[in-house]
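Worksheet: one structure, shown below.
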Amino acid sequence: MEEKRYSVCGCGCDCKSVESQKQIGIDFLYLDLTTCDRCQETEGNVDAAIALLQPVLQEMGYELRLNKVEMVSEELARSYQFLSSPTIRVNGRDISLEVKENACSCCSDISGNDVDCRVFLYEGKEYEAPPKAMIIGSILEEILLGTKEVTKQSDYQLPENLKQFYDGKSSKADCGCGCGGSC
């Protein structure tokens with residue numbers, strides 16, 4: 001897991017002296033950044049959105065915490081209540097109101113099973129990676145409107161699609177040929 005903090009104290013020295021800083025947490029949850037095109041594009045869009053917002057957030061007294069978490073196991077996916085890849089949450093809230101998916105050849109290749117990954121609906125169009133504007137809008141909405149406390153769902157079940165991904169990935173790693181799951 002990679003975590004980046006963007007300090008936004010008003011004095012310009014990048015110190016942590018402001019005790020009343022407001023926090024914005026962004027979680028970027030994904031299956032793979034080495035092979036999956038949509039996860040890679042999403043990472044680039046998250047980083048670009050943060051770079052664009054950083055001066056504004058700094059002026060407003062916010063500290064931004066970015067967690068990039070590869071969902072390497074079913075257990076980790078369950079602990080994050082992961083529904084689909086890629087996922088972006090701002091202060092625990094998914095930036096997309098629904099989970100819609102289509103075939104992902106990259107993740108299918110990784111697991112050896114047919115895997116669907118997330119698509120994002122934004123302004124009437126579908127995107128395999130959320131546009132920067134969608135990410136920026138979600139962060140600004142959190143700042144301007146705030147959200148109620150997010151609680152974990154007690155009835156969460158790992159989606160069948162993700163079970164297939166993890167089962168296939170595990171089977172490829174255990175094939176016995178010494179390929180480390182890359183055959």
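By order in the structure tokens, chains are A, B, ...; within a chain, residues start at 1; ligands start at 1, following the order shown.
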- Message: Report as a PyMOL selection string all protein, DNA and RNA residues lying within 10 Å of Val72 of chain A, evaluated on only C-alpha atoms, omitting residues in the same chain fewer than 5 positions from it.
- Response: chain A and resi 30-32+77+166+169
- If you count only C-alpha atoms, which residues fall within 12 Å of Cys104 of chain A, apart from same-chain ones fewer than 2 positions away, as a ChimeraX atom specification? /A:31-32,35-39,84-86,101-102,106-119,128-129,161,165
- Message: DSSP on the backbone: which residues in chain A end up as alpha helix (DSSP H)? Give the answer as a PyMOL selection string.
- Response: chain A and resi 37-60+74-79+105-111+132-145+160-173
- Task: Run DSSP on the backbone and give me the residues of segment 23-163 of chain A it puts in strand (DSSP E), as an NGL selection string.
- Result: :A and (23-30 or 62-70 or 87-90 or 93-94 or 100-103 or 116-122 or 125-127)
Hey, could you make a per-residue contact list for segment 57-124 of chain A against segment 135-155 of chain A with 9 Å as the cut-off, showing the nearest pair of atoms and its distance in Å to one decimal, counting only C-alpha atoms, sorted by chain and number, as a Markdown table?
| residue | atom | partner | partner_atom | distance |
| --- | --- | --- | --- | --- |
| A:Tyr62 | CA | A:Ile143 | CA | 9.0 |
| A:Tyr80 | CA | A:Lys152 | CA | 8.7 |
| A:Gln81 | CA | A:Lys152 | CA | 7.6 |
| A:Ile88 | CA | A:Ile135 | CA | 8.2 |
| A:Arg89 | CA | A:Ser138 | CA | 8.8 |
| A:Val90 | CA | A:Ile139 | CA | 6.4 |
| A:Asn91 | CA | A:Glu142 | CA | 7.7 |
| A:Gly92 | CA | A:Val150 | CA | 6.1 |
| A:Arg93 | CA | A:Val150 | CA | 7.1 |
| A:Asp94 | CA | A:Ser138 | CA | 8.9 |
| A:Ile95 | CA | A:Ser138 | CA | 5.9 |
| A:Ser96 | CA | A:Ser138 | CA | 8.9 |
Atoms kept (C-alpha atoms) for selection, written as a PDB file, in the first residue's frame:
ATOM      1  CA  TYR A  62      -6.990  20.890   3.637  1.00  0.00           C
ATOM      2  CA  TYR A  80     -12.051  -2.849   1.938  1.00  0.00           C
ATOM      3  CA  GLN A  81     -15.456  -4.127   0.781  1.00  0.00           C
ATOM      4  CA  ILE A  88     -11.895   5.564  -6.089  1.00  0.00           C
ATOM      5  CA  ARG A  89     -13.363   6.660  -2.781  1.00  0.00           C
ATOM      6  CA  VAL A  90     -13.298  10.163  -1.312  1.00  0.00           C
ATOM      7  CA  ASN A  91     -13.618  10.076   2.486  1.00  0.00           C
ATOM      8  CA  GLY A  92     -14.959   6.545   2.157  1.00  0.00           C
ATOM      9  CA  ARG A  93     -17.569   7.326  -0.494  1.00  0.00           C
ATOM     10  CA  ASP A  94     -17.319   5.784  -3.954  1.00  0.00           C
ATOM     11  CA  ILE A  95     -17.150   8.455  -6.665  1.00  0.00           C
ATOM     12  CA  SER A  96     -19.563   6.434  -8.777  1.00  0.00           C
TER      13      SER A  96
END
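Among the candidates A:Gly168, A:Arg78, A:Pro131, A:Lys163, the one nearest to Asn45 of chain A when counting only C-alpha atoms is A:Pro131.
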